file structure.cif (mmCIF, C-alpha atoms)
data_coords
loop_
_atom_site.label_atom_id
_atom_site.label_comp_id
_atom_site.auth_asym_id
_atom_site.auth_seq_id
_atom_site.Cartn_x
_atom_site.Cartn_y
_atom_site.Cartn_z
CA MET A 1 96.69 47.14 83.12
CA ILE A 2 100.42 46.79 82.57
CA ASP A 3 102.13 47.76 79.33
CA GLU A 4 102.19 44.30 77.78
CA PHE A 5 98.39 44.16 78.11
CA ASP A 6 97.95 47.37 76.11
CA ASN A 7 98.22 45.71 72.71
CA ILE A 8 94.66 44.42 72.26
CA MET A 9 93.93 42.20 69.31
CA PHE A 10 90.91 40.07 68.60
CA VAL A 11 92.57 36.85 67.53
CA THR A 12 89.86 34.63 69.03
CA LYS A 13 87.25 33.52 66.50
CA PHE A 14 84.06 35.47 67.08
CA ASN A 15 81.15 33.36 68.35
CA ASN A 16 77.71 34.82 67.69
CA ASP A 17 76.09 32.50 70.26
CA ILE A 18 78.30 33.92 73.00
CA GLN A 19 77.43 37.47 72.03
CA ASN A 20 73.72 36.58 72.17
CA ILE A 21 74.27 35.21 75.69
CA TRP A 22 75.93 38.48 76.72
CA ILE A 23 73.02 40.45 75.26
CA LYS A 24 70.56 38.18 77.09
CA TYR A 25 72.45 38.67 80.36
CA SER A 26 72.44 42.46 79.94
CA LYS A 27 68.65 42.32 79.69
CA GLU A 28 68.44 40.06 82.75
CA VAL A 29 70.26 42.65 84.88
CA ASN A 30 68.48 45.62 83.24
CA GLY A 31 71.81 46.75 81.89
CA PHE A 32 73.10 48.36 78.72
CA HIS A 33 74.96 46.27 76.15
CA GLU A 34 77.27 48.32 73.96
CA LEU A 35 79.17 46.92 70.98
CA GLY A 36 82.70 47.95 70.14
CA LYS A 37 84.70 49.85 72.77
CA HIS A 38 87.68 47.52 72.20
CA THR A 39 85.80 44.50 73.55
CA LEU A 40 85.18 41.19 71.83
CA TYR A 41 81.55 40.69 72.82
CA GLY A 42 80.65 44.23 73.76
CA ARG A 43 80.39 45.86 77.14
CA ILE A 44 77.64 45.43 79.71
CA SER A 45 77.12 48.21 82.22
CA TYR A 46 74.46 48.20 84.91
CA ASN A 47 73.70 49.42 88.41
CA TYR A 48 73.37 47.19 91.43
CA TYR A 49 72.74 49.76 94.14
CA PRO A 50 74.94 51.48 95.07
CA TRP A 51 77.44 49.98 92.63
CA GLU A 52 78.01 50.59 88.94
CA LEU A 53 79.33 47.41 87.30
CA ILE A 54 81.08 47.17 83.92
CA LEU A 55 81.61 43.75 82.34
CA ASP A 56 83.52 43.04 79.15
CA SER A 57 85.74 40.49 77.41
CA HIS A 58 88.78 40.78 75.19
CA THR A 59 91.85 39.06 73.82
CA VAL A 60 95.34 40.42 74.40
CA ARG A 61 98.71 39.59 72.95
CA PHE A 62 101.89 39.16 75.01
CA PRO A 63 104.73 40.47 72.81
CA LYS A 64 107.45 38.77 74.85
CA ASP A 65 106.38 35.26 73.86
CA ASP A 66 104.06 36.08 70.94
CA ASN A 67 101.13 34.38 72.65
CA SER A 68 97.61 35.61 73.25
CA ARG A 69 95.04 34.99 75.96
CA ASP A 70 91.31 35.56 76.40
CA PHE A 71 89.96 37.46 79.39
CA THR A 72 86.69 38.46 80.99
CA ARG A 73 86.83 41.37 83.40
CA LEU A 74 84.51 43.11 85.82
CA ARG A 75 85.12 46.65 87.03
CA ALA A 76 83.35 48.79 89.60
CA PRO A 77 84.46 52.41 90.19
CA PHE A 78 84.37 53.93 93.65
CA ALA A 79 85.81 56.78 95.70
CA ASN A 80 88.45 55.12 97.86
CA ALA A 81 87.88 56.50 101.36
CA ASP A 82 91.11 55.24 102.92
CA ALA A 83 93.39 54.78 99.86
CA PHE A 84 93.37 51.01 100.39
CA THR A 85 94.99 49.03 97.57
CA CYS A 86 95.52 45.33 97.02
CA GLU A 87 96.36 42.82 94.32
CA ILE A 88 95.84 39.05 94.17
CA TYR A 89 96.96 36.73 91.40
CA LYS A 90 98.05 33.13 90.81
CA SER A 91 101.65 32.53 91.87
CA SER A 92 102.24 30.61 88.62
CA PHE A 93 101.07 33.57 86.56
CA SER A 94 103.60 35.86 84.93
CA SER A 95 105.48 37.95 87.49
CA GLU A 96 104.88 40.88 85.16
CA ILE A 97 101.16 40.83 85.90
CA ALA A 98 101.41 42.87 89.06
CA LYS A 99 104.40 44.95 89.98
CA ALA A 100 102.77 46.55 92.99
CA PHE A 101 105.36 49.02 94.15
CA GLY A 102 105.09 49.99 97.80
CA MET A 103 102.92 46.98 98.68
CA GLN A 104 104.10 44.06 100.76
CA ASP A 105 103.57 40.36 100.11
CA ILE A 106 101.15 38.91 102.65
CA ARG A 107 100.30 35.39 103.75
CA ILE A 108 96.79 34.96 105.11
CA GLY A 109 97.23 31.71 107.02
CA ASN A 110 95.46 29.31 104.65
CA GLU A 111 98.30 27.00 103.56
CA LEU A 112 96.71 25.97 100.26
CA PHE A 113 95.69 29.53 99.36
CA ASP A 114 99.09 30.95 100.32
CA SER A 115 100.88 28.34 98.20
CA GLU A 116 98.87 29.17 95.08
CA TYR A 117 98.34 32.95 95.25
CA ILE A 118 100.35 36.11 95.64
CA VAL A 119 98.64 38.66 97.88
CA LYS A 120 99.86 42.24 98.04
CA SER A 121 98.31 45.17 99.85
CA SER A 122 98.95 48.61 101.25
CA SER A 123 97.40 47.42 104.51
CA GLU A 124 97.89 43.96 105.99
CA ASN A 125 94.96 44.46 108.37
CA ARG A 126 92.58 45.50 105.58
CA ILE A 127 93.47 42.65 103.25
CA ARG A 128 93.12 40.15 106.09
CA MET A 129 89.67 41.56 106.81
CA LEU A 130 88.74 41.22 103.14
CA LEU A 131 90.04 37.66 102.84
CA ASP A 132 88.98 36.43 106.27
CA ASP A 133 86.06 34.74 104.60
CA ARG A 134 86.17 31.15 103.37
CA TYR A 135 83.65 31.98 100.64
CA VAL A 136 85.97 34.63 99.19
CA GLN A 137 88.98 32.32 99.32
CA LYS A 138 87.01 29.45 97.76
CA LYS A 139 85.64 31.56 94.90
CA ILE A 140 89.04 33.06 94.12
CA MET A 141 90.42 29.54 93.82
CA GLU A 142 87.55 28.48 91.55
CA LEU A 143 88.14 31.24 89.01
CA ASP A 144 90.60 30.60 86.19
CA ASN A 145 93.84 32.62 86.42
CA ILE A 146 92.19 35.33 88.45
CA HIS A 147 93.73 38.79 88.71
CA LEU A 148 91.99 40.82 91.39
CA LYS A 149 92.92 44.31 92.47
CA VAL A 150 91.68 47.39 94.24
CA GLY A 151 93.39 50.50 93.00
CA SER A 152 93.62 53.11 90.28
CA ALA A 153 90.77 53.13 87.81
CA ASN A 154 91.32 52.63 84.11
CA ARG A 155 91.03 56.17 82.77
CA GLU A 156 89.84 54.94 79.37
CA THR A 157 86.94 53.15 81.05
CA PHE A 158 85.90 55.87 83.47
CA LEU A 159 86.45 59.08 81.55
CA THR A 160 83.32 60.59 83.09
CA HIS A 161 84.47 60.04 86.66
CA PRO A 162 86.83 62.19 88.73
CA TYR A 163 90.53 61.44 88.51
CA GLU A 164 90.69 60.28 92.14
CA VAL A 165 88.19 57.48 91.54
CA ASP A 166 89.55 53.97 92.10
CA GLU A 167 88.04 50.63 91.12
CA LEU A 168 87.53 47.03 92.03
CA TYR A 169 88.99 45.07 89.11
CA ILE A 170 88.49 41.32 88.64
CA GLU A 171 89.82 39.52 85.59
CA VAL A 172 89.78 35.82 84.68
CA GLY A 173 91.68 34.00 81.95
CA GLU A 174 88.78 32.92 79.80
CA ILE A 175 85.75 34.34 78.03
CA LEU A 176 82.67 33.51 80.09
CA SER A 177 80.27 31.93 77.64
CA ASN A 178 77.10 31.03 79.53
CA ILE A 179 74.59 32.77 81.74
CA ASN A 180 75.52 30.90 84.91
CA GLN A 181 79.18 31.88 84.56
CA LEU A 182 78.24 35.53 84.10
CA ARG A 183 75.90 35.40 87.09
CA PHE A 184 78.56 33.81 89.27
CA PHE A 185 81.24 36.29 88.20
CA THR A 186 79.17 39.40 88.84
CA LYS A 187 77.70 37.98 92.06
CA PHE A 188 81.23 37.45 93.35
CA GLY A 189 82.15 41.02 92.40
CA ILE A 190 79.17 42.39 94.32
CA TYR A 191 80.06 40.24 97.31
CA LEU A 192 83.59 41.66 97.31
CA LEU A 193 82.26 45.20 97.07
CA ASN A 194 80.15 44.56 100.14
CA ARG A 195 83.18 43.10 101.93
CA LEU A 196 85.11 46.27 101.10
CA CYS A 197 82.17 48.25 102.43
CA ASN A 198 82.46 46.36 105.70
CA THR A 199 86.11 47.40 105.98
CA ASP A 200 85.06 51.07 105.56
CA SER A 201 87.11 51.47 102.40
CA ILE A 202 84.20 52.43 100.18
CA CYS A 203 80.86 52.10 101.95
CA SER A 204 80.19 55.77 102.70
CA LYS A 205 82.06 57.04 99.66
CA HIS A 206 80.43 55.27 96.73
CA ILE A 207 79.79 57.22 93.55
#

call {"tool": "encode", "arguments": {"input": "structure.cif", "output": "structure tokens"}}
result
Amino acid sequence: MIDEFDNIMFVTKFNNDIQNIWIKYSKEVNGFHELGKHTLYGRISYNYYPWELILDSHTVRFPKDDNSRDFTRLRAPFANADAFTCEIYKSSFSSEIAKAFGMQDIRIGNELFDSEYIVKSSSENRIRMLLDDRYVQKKIMELDNIHLKVGSANRETFLTHPYEVDELYIEVGEILSNINQLRFFTKFGIYLLNRLCNTDSICSKHI
């Protein structure tokens, strides 16, 4: 994430019921729930063949305005076969969220979507292939303050993976607090991974 996201602080009041829900969900997906690791309710990691998914939540402080915000994020590492990168975020969100140097702003032809979201990518054709799906557009618009990107992996998260590994990164501006929300969020991530597979970005090069 960008520099202003680096200062992690747990200012949100801890809710034991939410943590129990996260633990319950980790068991549902046959995953591993790990406490600590700079996350508010721990980290869930599990395999959904051929993908490795990592789910966590945290609170970050924005030094510029002395505010904080809660986030839930899903990450999936992969070997990026064609160096495809993209970034999607709400147009009303801070312009600091995604300074994607070398990537162009792209409009996908859905007037409502284009008016509400910034889309950047290293390949206009690839991002159109990824977003040429009404389900994807609809789910992006349903998620709160979504920040979605395909690009460099967080080295702190994937220390065991090679340096060239990239990731699918999806972040929303709230802590998901029930099973259905967690199911929806991870299901959407898996759907996007399969869409990326169909564009040949990662299908034959998964870890």

call {"tool": "atom_distance", "arguments": {"input": "structure.cif", "atom1": "CA of Ile108 (chain A)", "atom2": "CA of Ser91 (chain A)"}}
result
14.3 Å

call {"tool": "residues_near_point", "arguments": {"input": "structure.cif", "point": "(93.3, 43.6, 102.2)", "cutoff": "9 Å", "atoms": "all atoms listed in the file", "output": "ChimeraX atom specification"}}
result
/A:84-87,119-131,150,196,199

call {"tool": "closest_residue", "arguments": {"input": "structure.cif", "among": "A:Arg73, A:Ser45, A:Thr59, A:Ala83", "to": "Phe185 (chain A)", "atoms": "all atoms listed in the file"}}
result
A:Arg73

call {"tool": "atom_distance", "arguments": {"input": "structure.cif", "atom1": "CA of Tyr48 (chain A)", "atom2": "CA of Gln137 (chain A)"}}
result
23.0 Å

call {"tool": "atom_distance", "arguments": {"input": "structure.cif", "atom1": "CA of Arg134 (chain A)", "atom2": "CA of Gly109 (chain A)"}}
result
11.7 Å

call {"tool": "closest_residue", "arguments": {"input": "structure.cif", "among": "A:Phe14, A:Trp22, A:Tyr89, A:Tyr135", "to": "Leu55 (chain A)", "atoms": "only C-alpha atoms"}}
result
A:Trp22

call {"tool": "closest_residue", "arguments": {"input": "structure.cif", "among": "A:Ser152, A:Asn110, A:Ser115, A:Ser57", "to": "Ile18 (chain A)", "atoms": "all atoms listed in the file"}}
result
A:Ser57

call {"tool": "closest_residue", "arguments": {"input": "structure.cif", "among": "A:Pro50, A:Gly31, A:Gly36, A:Gly42", "to": "Cys197 (chain A)", "atoms": "only C-alpha atoms"}}
result
A:Pro50

call {"tool": "resolve_selection", "arguments": {"input": "structure.cif", "expression": "the PyMOL selection byres ((chain A and resi 142) around 12)", "output": "ChimeraX atom specification"}}
result
/A:90,113,116,135-141,143-146,172-173,181,184-185,188

call {"tool": "resolve_selection", "arguments": {"input": "structure.cif", "expression": "the PyMOL selection byres ((chain A and resi 20) around 12)", "output": "JSON list (two decimals) with C-alpha atoms, in the frame of the given file"}}
result
[["chain", "number", "residue", "atom", "x", "y", "z"],
["A", 14, "PHE", "CA", 84.06, 35.47, 67.08],
["A", 15, "ASN", "CA", 81.15, 33.36, 68.35],
["A", 16, "ASN", "CA", 77.71, 34.82, 67.69],
["A", 17, "ASP", "CA", 76.09, 32.50, 70.26],
["A", 18, "ILE", "CA", 78.30, 33.92, 73.00],
["A", 19, "GLN", "CA", 77.43, 37.47, 72.03],
["A", 21, "ILE", "CA", 74.27, 35.21, 75.69],
["A", 22, "TRP", "CA", 75.93, 38.48, 76.72],
["A", 23, "ILE", "CA", 73.02, 40.45, 75.26],
["A", 24, "LYS", "CA", 70.56, 38.18, 77.09],
["A", 25, "TYR", "CA", 72.45, 38.67, 80.36],
["A", 26, "SER", "CA", 72.44, 42.46, 79.94],
["A", 27, "LYS", "CA", 68.65, 42.32, 79.69],
["A", 33, "HIS", "CA", 74.96, 46.27, 76.15],
["A", 35, "LEU", "CA", 79.17, 46.92, 70.98],
["A", 41, "TYR", "CA", 81.55, 40.69, 72.82],
["A", 42, "GLY", "CA", 80.65, 44.23, 73.76],
["A", 177, "SER", "CA", 80.27, 31.93, 77.64],
["A", 178, "ASN", "CA", 77.10, 31.03, 79.53],
["A", 179, "ILE", "CA", 74.59, 32.77, 81.74]]
